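File shown: work33.cif. Contents: mmCIF, N, CA and C atoms.
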data_model
#
loop_
_atom_site.label_atom_id
_atom_site.label_comp_id
_atom_site.auth_asym_id
_atom_site.auth_seq_id
_atom_site.Cartn_x
_atom_site.Cartn_y
_atom_site.Cartn_z
N VAL A 16 -137.60 4.01 -19.74
CA VAL A 16 -136.78 3.88 -20.92
C VAL A 16 -135.43 3.32 -20.49
N ALA A 17 -135.03 2.22 -21.04
CA ALA A 17 -133.72 1.64 -20.74
C ALA A 17 -132.81 1.86 -21.94
N GLN A 18 -131.60 2.32 -21.69
CA GLN A 18 -130.67 2.59 -22.76
C GLN A 18 -129.35 1.91 -22.46
N GLY A 19 -128.76 1.29 -23.47
CA GLY A 19 -127.44 0.69 -23.31
C GLY A 19 -126.37 1.72 -23.61
N THR A 20 -125.30 1.68 -22.84
CA THR A 20 -124.16 2.55 -23.09
C THR A 20 -122.92 1.69 -23.06
N GLY A 21 -121.81 2.28 -23.39
CA GLY A 21 -120.56 1.54 -23.39
C GLY A 21 -120.14 1.05 -22.02
N THR A 22 -120.63 1.68 -20.96
CA THR A 22 -120.24 1.32 -19.61
C THR A 22 -121.36 0.63 -18.84
N GLY A 23 -122.43 0.22 -19.50
CA GLY A 23 -123.54 -0.44 -18.82
C GLY A 23 -124.86 0.13 -19.29
N SER A 24 -125.92 -0.26 -18.61
CA SER A 24 -127.26 0.19 -18.98
C SER A 24 -127.75 1.20 -17.96
N ARG A 25 -128.69 2.01 -18.41
CA ARG A 25 -129.25 3.08 -17.61
C ARG A 25 -130.75 3.10 -17.83
N ALA A 26 -131.51 3.42 -16.79
CA ALA A 26 -132.97 3.50 -16.92
C ALA A 26 -133.45 4.83 -16.36
N THR A 27 -134.48 5.36 -16.99
CA THR A 27 -135.18 6.54 -16.49
C THR A 27 -136.65 6.19 -16.39
N ILE A 28 -137.23 6.36 -15.21
CA ILE A 28 -138.65 6.11 -14.99
C ILE A 28 -139.28 7.42 -14.56
N THR A 29 -140.28 7.87 -15.31
CA THR A 29 -140.95 9.14 -15.04
C THR A 29 -142.44 8.91 -14.87
N HIS A 30 -143.01 9.44 -13.79
CA HIS A 30 -144.46 9.40 -13.59
C HIS A 30 -145.05 10.66 -14.21
N VAL A 31 -146.08 10.48 -15.04
CA VAL A 31 -146.80 11.59 -15.65
C VAL A 31 -148.27 11.44 -15.28
N ASN A 32 -148.83 12.46 -14.64
CA ASN A 32 -150.23 12.43 -14.22
C ASN A 32 -151.10 13.01 -15.34
N GLY A 33 -151.84 12.13 -16.01
CA GLY A 33 -152.75 12.55 -17.07
C GLY A 33 -154.20 12.31 -16.71
N LEU A 34 -154.51 12.27 -15.42
CA LEU A 34 -155.85 11.93 -14.97
C LEU A 34 -156.87 13.05 -15.15
N GLY A 35 -156.44 14.27 -15.13
CA GLY A 35 -157.39 15.38 -15.20
C GLY A 35 -157.98 15.68 -13.83
N ARG A 36 -159.00 16.51 -13.80
CA ARG A 36 -159.57 16.97 -12.53
C ARG A 36 -160.61 16.02 -11.94
N SER A 37 -160.97 14.97 -12.66
CA SER A 37 -162.00 14.04 -12.18
C SER A 37 -161.50 13.16 -11.05
N TYR A 38 -160.20 12.98 -10.93
CA TYR A 38 -159.63 12.11 -9.91
C TYR A 38 -158.54 12.84 -9.13
N LYS A 39 -158.39 12.45 -7.88
CA LYS A 39 -157.28 12.91 -7.06
C LYS A 39 -156.48 11.68 -6.63
N ILE A 40 -155.17 11.78 -6.67
CA ILE A 40 -154.31 10.68 -6.25
C ILE A 40 -154.20 10.73 -4.72
N GLU A 41 -154.61 9.64 -4.08
CA GLU A 41 -154.52 9.52 -2.62
C GLU A 41 -153.15 9.00 -2.20
N SER A 42 -152.61 8.06 -2.97
CA SER A 42 -151.26 7.54 -2.69
C SER A 42 -150.68 6.98 -3.98
N LEU A 43 -149.35 6.99 -4.05
CA LEU A 43 -148.64 6.56 -5.25
C LEU A 43 -147.31 5.95 -4.83
N SER A 44 -147.03 4.73 -5.32
CA SER A 44 -145.78 4.05 -5.00
C SER A 44 -145.22 3.38 -6.25
N TYR A 45 -143.93 3.51 -6.45
CA TYR A 45 -143.21 2.84 -7.54
C TYR A 45 -142.13 1.96 -6.91
N TYR A 46 -142.05 0.72 -7.39
CA TYR A 46 -141.01 -0.21 -6.97
C TYR A 46 -140.30 -0.74 -8.22
N HIS A 47 -138.98 -0.68 -8.22
CA HIS A 47 -138.17 -1.18 -9.33
C HIS A 47 -137.35 -2.33 -8.78
N ASP A 48 -137.58 -3.52 -9.31
CA ASP A 48 -136.90 -4.73 -8.85
C ASP A 48 -137.04 -4.92 -7.33
N GLY A 49 -138.24 -4.62 -6.81
CA GLY A 49 -138.54 -4.82 -5.40
C GLY A 49 -138.06 -3.73 -4.47
N GLN A 50 -137.37 -2.73 -4.98
CA GLN A 50 -136.88 -1.63 -4.15
C GLN A 50 -137.77 -0.41 -4.36
N ALA A 51 -138.19 0.20 -3.24
CA ALA A 51 -139.01 1.41 -3.32
C ALA A 51 -138.21 2.53 -3.99
N ARG A 52 -138.77 3.12 -5.03
CA ARG A 52 -138.11 4.22 -5.74
C ARG A 52 -138.83 5.54 -5.50
N PHE A 53 -140.14 5.46 -5.22
CA PHE A 53 -140.93 6.66 -4.97
C PHE A 53 -142.18 6.24 -4.22
N SER A 54 -142.51 6.93 -3.15
CA SER A 54 -143.73 6.64 -2.41
C SER A 54 -144.20 7.92 -1.75
N ARG A 55 -145.48 8.25 -1.95
CA ARG A 55 -146.02 9.46 -1.35
C ARG A 55 -147.52 9.28 -1.15
N SER A 56 -148.03 9.88 -0.08
CA SER A 56 -149.47 9.84 0.17
C SER A 56 -150.00 11.26 0.25
N ALA A 57 -151.32 11.39 0.12
CA ALA A 57 -151.95 12.71 0.16
C ALA A 57 -151.70 13.40 1.49
N SER A 58 -151.58 12.63 2.57
CA SER A 58 -151.34 13.22 3.89
C SER A 58 -149.97 13.92 3.96
N GLU A 59 -149.03 13.51 3.10
CA GLU A 59 -147.72 14.16 3.04
C GLU A 59 -147.77 15.42 2.19
N GLY A 60 -148.83 15.55 1.39
CA GLY A 60 -149.01 16.73 0.55
C GLY A 60 -148.30 16.62 -0.79
N GLY A 61 -148.68 17.47 -1.69
CA GLY A 61 -148.00 17.58 -2.97
C GLY A 61 -148.52 16.70 -4.09
N LEU A 62 -149.40 15.75 -3.81
CA LEU A 62 -149.86 14.87 -4.88
C LEU A 62 -150.84 15.56 -5.83
N ASP A 63 -151.62 16.50 -5.33
CA ASP A 63 -152.56 17.21 -6.21
C ASP A 63 -151.84 18.04 -7.27
N ASP A 64 -150.65 18.51 -6.93
CA ASP A 64 -149.89 19.36 -7.85
C ASP A 64 -148.84 18.57 -8.64
N LEU A 65 -148.81 17.26 -8.46
CA LEU A 65 -147.79 16.41 -9.09
C LEU A 65 -148.21 16.08 -10.52
N ASP A 66 -147.67 16.82 -11.48
CA ASP A 66 -147.95 16.55 -12.89
C ASP A 66 -146.93 15.57 -13.47
N GLU A 67 -145.67 15.74 -13.08
CA GLU A 67 -144.61 14.89 -13.61
C GLU A 67 -143.47 14.84 -12.59
N VAL A 68 -142.95 13.63 -12.35
CA VAL A 68 -141.83 13.49 -11.42
C VAL A 68 -140.93 12.36 -11.92
N LYS A 69 -139.62 12.59 -11.82
CA LYS A 69 -138.65 11.55 -12.18
C LYS A 69 -138.54 10.61 -10.99
N VAL A 70 -138.95 9.37 -11.19
CA VAL A 70 -138.99 8.36 -10.15
C VAL A 70 -137.62 7.72 -9.97
N PHE A 71 -136.94 7.46 -11.06
CA PHE A 71 -135.63 6.82 -11.03
C PHE A 71 -134.85 7.24 -12.26
N ASP A 72 -133.58 7.50 -12.06
CA ASP A 72 -132.68 7.80 -13.18
C ASP A 72 -131.30 7.33 -12.76
N GLY A 73 -130.91 6.15 -13.25
CA GLY A 73 -129.62 5.64 -12.84
C GLY A 73 -129.25 4.37 -13.56
N PRO A 74 -128.10 3.82 -13.19
CA PRO A 74 -127.61 2.60 -13.84
C PRO A 74 -128.41 1.39 -13.39
N ILE A 75 -128.56 0.43 -14.28
CA ILE A 75 -129.19 -0.85 -13.97
C ILE A 75 -128.36 -1.98 -14.57
N SER A 76 -128.49 -3.13 -14.00
CA SER A 76 -127.76 -4.28 -14.53
C SER A 76 -128.46 -4.80 -15.78
N ALA A 77 -127.71 -5.49 -16.61
CA ALA A 77 -128.29 -6.09 -17.81
C ALA A 77 -129.23 -7.22 -17.38
N GLY A 78 -130.26 -7.48 -18.17
CA GLY A 78 -131.18 -8.57 -17.88
C GLY A 78 -132.60 -8.10 -17.67
N SER A 79 -133.41 -8.98 -17.14
CA SER A 79 -134.83 -8.70 -16.93
C SER A 79 -135.04 -7.93 -15.62
N HIS A 80 -136.05 -7.07 -15.61
CA HIS A 80 -136.36 -6.24 -14.46
C HIS A 80 -137.87 -6.20 -14.27
N ASN A 81 -138.30 -5.72 -13.09
CA ASN A 81 -139.72 -5.61 -12.80
C ASN A 81 -140.03 -4.21 -12.27
N LEU A 82 -141.10 -3.61 -12.78
CA LEU A 82 -141.58 -2.32 -12.33
C LEU A 82 -143.00 -2.50 -11.82
N SER A 83 -143.24 -2.13 -10.54
CA SER A 83 -144.57 -2.23 -9.95
C SER A 83 -145.03 -0.84 -9.54
N VAL A 84 -146.29 -0.53 -9.83
CA VAL A 84 -146.87 0.76 -9.48
C VAL A 84 -148.18 0.51 -8.75
N THR A 85 -148.36 1.15 -7.61
CA THR A 85 -149.61 1.08 -6.87
C THR A 85 -150.12 2.50 -6.67
N MET A 86 -151.39 2.71 -7.01
CA MET A 86 -151.97 4.04 -6.93
C MET A 86 -153.38 3.94 -6.36
N GLN A 87 -153.70 4.78 -5.39
CA GLN A 87 -155.06 4.91 -4.90
C GLN A 87 -155.61 6.23 -5.40
N LEU A 88 -156.78 6.16 -6.03
CA LEU A 88 -157.41 7.33 -6.61
C LEU A 88 -158.73 7.62 -5.91
N ARG A 89 -159.11 8.88 -5.83
CA ARG A 89 -160.42 9.26 -5.34
C ARG A 89 -161.11 10.04 -6.45
N GLY A 90 -162.27 9.52 -6.83
CA GLY A 90 -163.11 10.19 -7.82
C GLY A 90 -164.44 10.56 -7.21
N SER A 91 -165.34 11.03 -8.02
CA SER A 91 -166.65 11.44 -7.50
C SER A 91 -167.42 10.26 -6.93
N GLY A 92 -167.09 9.01 -7.35
CA GLY A 92 -167.77 7.82 -6.85
C GLY A 92 -167.12 7.20 -5.64
N GLY A 93 -166.01 7.74 -5.16
CA GLY A 93 -165.34 7.19 -3.99
C GLY A 93 -163.91 6.78 -4.29
N LEU A 94 -163.38 5.92 -3.44
CA LEU A 94 -161.98 5.51 -3.51
C LEU A 94 -161.81 4.31 -4.43
N ALA A 95 -160.81 4.37 -5.27
CA ALA A 95 -160.48 3.25 -6.17
C ALA A 95 -159.02 2.89 -5.96
N HIS A 96 -158.67 1.65 -6.18
CA HIS A 96 -157.30 1.16 -6.01
C HIS A 96 -156.83 0.56 -7.33
N ARG A 97 -155.61 0.90 -7.75
CA ARG A 97 -155.06 0.39 -8.99
C ARG A 97 -153.63 -0.06 -8.73
N SER A 98 -153.32 -1.26 -9.15
CA SER A 98 -151.98 -1.80 -9.00
C SER A 98 -151.59 -2.49 -10.28
N THR A 99 -150.37 -2.31 -10.72
CA THR A 99 -149.91 -2.96 -11.93
C THR A 99 -148.45 -3.35 -11.78
N SER A 100 -148.05 -4.40 -12.44
CA SER A 100 -146.68 -4.86 -12.40
C SER A 100 -146.28 -5.24 -13.82
N SER A 101 -145.08 -4.88 -14.21
CA SER A 101 -144.63 -5.13 -15.57
C SER A 101 -143.17 -5.55 -15.57
N GLY A 102 -142.87 -6.58 -16.32
CA GLY A 102 -141.48 -6.99 -16.49
C GLY A 102 -140.96 -6.43 -17.79
N TYR A 103 -139.67 -6.18 -17.85
CA TYR A 103 -139.03 -5.70 -19.07
C TYR A 103 -137.58 -6.12 -19.09
N SER A 104 -136.99 -6.09 -20.27
CA SER A 104 -135.58 -6.41 -20.42
C SER A 104 -134.87 -5.26 -21.09
#
This structure in structure tokens:
Amino acid sequence: VAQGTGTGSRATITHVNGLGRSYKIESLSYYHDGQARFSRSASEGGLDDLDEVKVFDGPISAGSHNLSVTMQLRGSGGLAHRSTSSGYS
């Protein structure tokens, strides 16, 4: 969510895990404008219990931005990889 204020713009990016018990997150990475904002793997622990986490909350410059998310999931059929990138203004 990007919000304009009198002193500039601000963005809040929150990860919400709505996958249910059928999948486990093996790794998760968020990049905002090419900068790593959050990255964690199952070997570091904590991903199974990660229901919601604030990835970024801070000021941003006016203009277009890019948000990229990469996630590896493990389901009953094996390992799956999902990557998405989205631009916004």
Contacts of stretch 47-52 of chain A within 6.5 Å, all atoms listed in the file, excl. fewer than 4 positions in-chain, as an mmCIF file with N, CA and C atoms, in the frame of the given file:
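Below is the file that was written, selection_28.cif:
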data_model
loop_
_atom_site.group_PDB
_atom_site.id
_atom_site.type_symbol
_atom_site.label_atom_id
_atom_site.label_comp_id
_atom_site.auth_asym_id
_atom_site.auth_seq_id
_atom_site.Cartn_x
_atom_site.Cartn_y
_atom_site.Cartn_z
ATOM 1 N N VAL A 70 -138.950 9.370 -11.190
ATOM 2 C CA VAL A 70 -138.990 8.360 -10.150
ATOM 3 C C VAL A 70 -137.620 7.720 -9.970
ATOM 4 N N PHE A 71 -136.940 7.460 -11.060
ATOM 5 C CA PHE A 71 -135.630 6.820 -11.030
ATOM 6 C C PHE A 71 -134.850 7.240 -12.260
ATOM 7 N N HIS A 80 -136.050 -7.070 -15.610
ATOM 8 C CA HIS A 80 -136.360 -6.240 -14.460
ATOM 9 C C HIS A 80 -137.870 -6.200 -14.270
ATOM 10 N N ASN A 81 -138.300 -5.720 -13.090
ATOM 11 C CA ASN A 81 -139.720 -5.610 -12.800
ATOM 12 C C ASN A 81 -140.030 -4.210 -12.270
ATOM 13 N N LEU A 82 -141.100 -3.610 -12.780
ATOM 14 C CA LEU A 82 -141.580 -2.320 -12.330
ATOM 15 C C LEU A 82 -143.000 -2.500 -11.820
ATOM 16 N N SER A 83 -143.240 -2.130 -10.540
ATOM 17 C CA SER A 83 -144.570 -2.230 -9.950
ATOM 18 C C SER A 83 -145.030 -0.840 -9.540
#
Draw an axis-aligned box tight on the listed atoms of stretch 83-92 of chain A, then pad every side by 3 Å and write out centre and edge lengths in Å to one decimal as lines of an AutoDock Vina configuration file.
center_x = -155.5
center_y = 4.6
center_z = -7.7
size_x = 30.5
size_y = 19.7
size_z = 11.6
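Among the candidates A:Asn32, A:Tyr38, A:Tyr46, A:Tyr103, the residue lying nearest to A:Ser79 is A:Tyr103 (atoms considered: only N, CA and C atoms).
Distance-wise, atom N of A:Val68 and atom CA of A:Ser24 end up 21.7 Å apart.
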Exercise for review: In Å, rounded to a single decimal, give me how far atom CA of A:Tyr45 is from atom CA of A:Thr29.
Suggested key: 10.1 Å
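One distance worth recording is that between atom CA of A:Arg55 and atom CA of A:Glu41, which is 8.6 Å.
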**Study point:** Test item: residues at most 7 Å from A:Arg97, only N, CA and C atoms, excluding those fewer than 2 positions along its chain, as an MDAnalysis selection string
**Key:** chainID A and resid 84:88 95 99
Exercise for review: For the file shown, report as a VMD selection string the outcome of the PyMOL selection byres ((chain A and resi 75) around 6) at residue level.
Suggested key: chain A and resid 24 to 26 73 to 74 76 to 77
Check your understanding: Where does the PyMOL selection byres (((chain A and resi 66 and name CA) around 10) and name CA) land in this file, that is, which residues does it pick, as a PyMOL selection string?
Key -> chain A and resi 30-35+61-65+67-68
**Study point:** Nearby residues, (-155.3, 9.5, -1.2) file frame, 6.5 Å, all atoms listed in the file, as a PyMOL selection string
**Key:** chain A and resi 39-42+56-58+87-89
Exercise for review: Pick out the closest residue to A:Asp72 from this set: A:Thr27, A:Glu59, A:Ser98, A:Arg36. Count all atoms listed in the file.
Suggested key: A:Thr27
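Counting only C-alpha atoms, the residue from A:Gly78, A:Gly102, A:Gly60, A:Gly93 that sits nearest to A:Gly23 is A:Gly78.
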Take stretch 37-63 of chain A from the preceding structure and save N, CA, C and O atoms as a PDB file, in the first residue's frame.
ATOM      1  N   SER A  37      -1.378 -27.649   3.205  1.00  0.00           N
ATOM      2  CA  SER A  37      -0.996 -28.472   2.055  1.00  0.00           C
ATOM      3  C   SER A  37       0.402 -28.152   1.547  1.00  0.00           C
ATOM      4  O   SER A  37       1.018 -28.977   0.869  1.00  0.00           O
ATOM      5  N   TYR A  38       0.906 -26.967   1.836  1.00  0.00           N
ATOM      6  CA  TYR A  38       2.215 -26.541   1.356  1.00  0.00           C
ATOM      7  C   TYR A  38       3.066 -26.027   2.505  1.00  0.00           C
ATOM      8  O   TYR A  38       2.561 -25.482   3.469  1.00  0.00           O
ATOM      9  N   LYS A  39       4.365 -26.192   2.351  1.00  0.00           N
ATOM     10  CA  LYS A  39       5.336 -25.592   3.267  1.00  0.00           C
ATOM     11  C   LYS A  39       6.229 -24.666   2.448  1.00  0.00           C
ATOM     12  O   LYS A  39       6.638 -25.013   1.336  1.00  0.00           O
ATOM     13  N   ILE A  40       6.528 -23.502   2.985  1.00  0.00           N
ATOM     14  CA  ILE A  40       7.408 -22.554   2.306  1.00  0.00           C
ATOM     15  C   ILE A  40       8.847 -22.976   2.584  1.00  0.00           C
ATOM     16  O   ILE A  40       9.265 -23.062   3.728  1.00  0.00           O
ATOM     17  N   GLU A  41       9.593 -23.254   1.512  1.00  0.00           N
ATOM     18  CA  GLU A  41      11.009 -23.621   1.627  1.00  0.00           C
ATOM     19  C   GLU A  41      11.890 -22.380   1.656  1.00  0.00           C
ATOM     20  O   GLU A  41      12.895 -22.351   2.349  1.00  0.00           O
ATOM     21  N   SER A  42      11.535 -21.368   0.864  1.00  0.00           N
ATOM     22  CA  SER A  42      12.275 -20.101   0.878  1.00  0.00           C
ATOM     23  C   SER A  42      11.355 -18.989   0.387  1.00  0.00           C
ATOM     24  O   SER A  42      10.412 -19.235  -0.366  1.00  0.00           O
ATOM     25  N   LEU A  43      11.655 -17.775   0.833  1.00  0.00           N
ATOM     26  CA  LEU A  43      10.822 -16.621   0.517  1.00  0.00           C
ATOM     27  C   LEU A  43      11.710 -15.389   0.450  1.00  0.00           C
ATOM     28  O   LEU A  43      12.507 -15.144   1.356  1.00  0.00           O
ATOM     29  N   SER A  44      11.612 -14.630  -0.655  1.00  0.00           N
ATOM     30  CA  SER A  44      12.402 -13.413  -0.822  1.00  0.00           C
ATOM     31  C   SER A  44      11.544 -12.311  -1.418  1.00  0.00           C
ATOM     32  O   SER A  44      10.780 -12.551  -2.353  1.00  0.00           O
ATOM     33  N   TYR A  45      11.668 -11.123  -0.882  1.00  0.00           N
ATOM     34  CA  TYR A  45      11.008  -9.919  -1.404  1.00  0.00           C
ATOM     35  C   TYR A  45      12.082  -8.908  -1.775  1.00  0.00           C
ATOM     36  O   TYR A  45      13.011  -8.660  -0.996  1.00  0.00           O
ATOM     37  N   TYR A  46      11.945  -8.329  -2.966  1.00  0.00           N
ATOM     38  CA  TYR A  46      12.833  -7.267  -3.428  1.00  0.00           C
ATOM     39  C   TYR A  46      11.977  -6.073  -3.839  1.00  0.00           C
ATOM     40  O   TYR A  46      11.002  -6.238  -4.565  1.00  0.00           O
ATOM     41  N   HIS A  47      12.322  -4.895  -3.337  1.00  0.00           N
ATOM     42  CA  HIS A  47      11.615  -3.662  -3.672  1.00  0.00           C
ATOM     43  C   HIS A  47      12.615  -2.770  -4.399  1.00  0.00           C
ATOM     44  O   HIS A  47      13.648  -2.407  -3.825  1.00  0.00           O
ATOM     45  N   ASP A  48      12.333  -2.476  -5.652  1.00  0.00           N
ATOM     46  CA  ASP A  48      13.226  -1.672  -6.489  1.00  0.00           C
ATOM     47  C   ASP A  48      14.651  -2.250  -6.513  1.00  0.00           C
ATOM     48  O   ASP A  48      15.633  -1.524  -6.462  1.00  0.00           O
ATOM     49  N   GLY A  49      14.738  -3.582  -6.575  1.00  0.00           N
ATOM     50  CA  GLY A  49      16.021  -4.258  -6.682  1.00  0.00           C
ATOM     51  C   GLY A  49      16.775  -4.450  -5.380  1.00  0.00           C
ATOM     52  O   GLY A  49      17.818  -5.086  -5.354  1.00  0.00           O
ATOM     53  N   GLN A  50      16.251  -3.931  -4.278  1.00  0.00           N
ATOM     54  CA  GLN A  50      16.907  -4.080  -2.979  1.00  0.00           C
ATOM     55  C   GLN A  50      16.198  -5.157  -2.177  1.00  0.00           C
ATOM     56  O   GLN A  50      14.971  -5.159  -2.071  1.00  0.00           O
ATOM     57  N   ALA A  51      16.987  -6.071  -1.600  1.00  0.00           N
ATOM     58  CA  ALA A  51      16.411  -7.127  -0.766  1.00  0.00           C
ATOM     59  C   ALA A  51      15.752  -6.500   0.461  1.00  0.00           C
ATOM     60  O   ALA A  51      16.372  -5.703   1.167  1.00  0.00           O
ATOM     61  N   ARG A  52      14.490  -6.830   0.683  1.00  0.00           N
ATOM     62  CA  ARG A  52      13.755  -6.311   1.847  1.00  0.00           C
ATOM     63  C   ARG A  52      13.483  -7.406   2.859  1.00  0.00           C
ATOM     64  O   ARG A  52      13.328  -7.149   4.040  1.00  0.00           O
ATOM     65  N   PHE A  53      13.399  -8.660   2.380  1.00  0.00           N
ATOM     66  CA  PHE A  53      13.147  -9.792   3.265  1.00  0.00           C
ATOM     67  C   PHE A  53      13.609 -11.049   2.540  1.00  0.00           C
ATOM     68  O   PHE A  53      13.299 -11.237   1.363  1.00  0.00           O
ATOM     69  N   SER A  54      14.353 -11.897   3.215  1.00  0.00           N
ATOM     70  CA  SER A  54      14.781 -13.158   2.625  1.00  0.00           C
ATOM     71  C   SER A  54      14.985 -14.159   3.747  1.00  0.00           C
ATOM     72  O   SER A  54      15.676 -13.864   4.732  1.00  0.00           O
ATOM     73  N   ARG A  55      14.374 -15.332   3.594  1.00  0.00           N
ATOM     74  CA  ARG A  55      14.513 -16.365   4.613  1.00  0.00           C
ATOM     75  C   ARG A  55      14.331 -17.724   3.961  1.00  0.00           C
ATOM     76  O   ARG A  55      13.549 -17.885   3.040  1.00  0.00           O
ATOM     77  N   SER A  56      15.054 -18.709   4.484  1.00  0.00           N
ATOM     78  CA  SER A  56      14.907 -20.075   3.993  1.00  0.00           C
ATOM     79  C   SER A  56      14.517 -20.984   5.152  1.00  0.00           C
ATOM     80  O   SER A  56      14.693 -20.630   6.319  1.00  0.00           O
ATOM     81  N   ALA A  57      14.009 -22.167   4.806  1.00  0.00           N
ATOM     82  CA  ALA A  57      13.569 -23.114   5.825  1.00  0.00           C
ATOM     83  C   ALA A  57      14.726 -23.531   6.727  1.00  0.00           C
ATOM     84  O   ALA A  57      14.532 -23.790   7.912  1.00  0.00           O
ATOM     85  N   SER A  58      15.945 -23.555   6.191  1.00  0.00           N
ATOM     86  CA  SER A  58      17.107 -23.941   6.996  1.00  0.00           C
ATOM     87  C   SER A  58      17.384 -22.935   8.122  1.00  0.00           C
ATOM     88  O   SER A  58      17.970 -23.286   9.136  1.00  0.00           O
ATOM     89  N   GLU A  59      16.929 -21.685   7.942  1.00  0.00           N
ATOM     90  CA  GLU A  59      17.078 -20.668   8.988  1.00  0.00           C
ATOM     91  C   GLU A  59      15.981 -20.792  10.034  1.00  0.00           C
ATOM     92  O   GLU A  59      16.069 -20.205  11.099  1.00  0.00           O
ATOM     93  N   GLY A  60      14.916 -21.520   9.695  1.00  0.00           N
ATOM     94  CA  GLY A  60      13.806 -21.736  10.621  1.00  0.00           C
ATOM     95  C   GLY A  60      12.780 -20.617  10.583  1.00  0.00           C
ATOM     96  O   GLY A  60      13.015 -19.550  10.038  1.00  0.00           O
ATOM     97  N   GLY A  61      11.634 -20.903  11.135  1.00  0.00           N
ATOM     98  CA  GLY A  61      10.598 -19.900  11.293  1.00  0.00           C
ATOM     99  C   GLY A  61       9.612 -19.749  10.155  1.00  0.00           C
ATOM    100  O   GLY A  61       8.606 -19.073  10.313  1.00  0.00           O
ATOM    101  N   LEU A  62       9.849 -20.371   9.010  1.00  0.00           N
ATOM    102  CA  LEU A  62       8.927 -20.180   7.890  1.00  0.00           C
ATOM    103  C   LEU A  62       7.615 -20.940   8.082  1.00  0.00           C
ATOM    104  O   LEU A  62       6.582 -20.500   7.615  1.00  0.00           O
ATOM    105  N   ASP A  63       7.654 -22.076   8.754  1.00  0.00           N
ATOM    106  CA  ASP A  63       6.417 -22.832   8.984  1.00  0.00           C
ATOM    107  C   ASP A  63       5.431 -22.071   9.863  1.00  0.00           C
ATOM    108  O   ASP A  63       4.231 -22.226   9.747  1.00  0.00           O
TER     109      ASP A  63
END
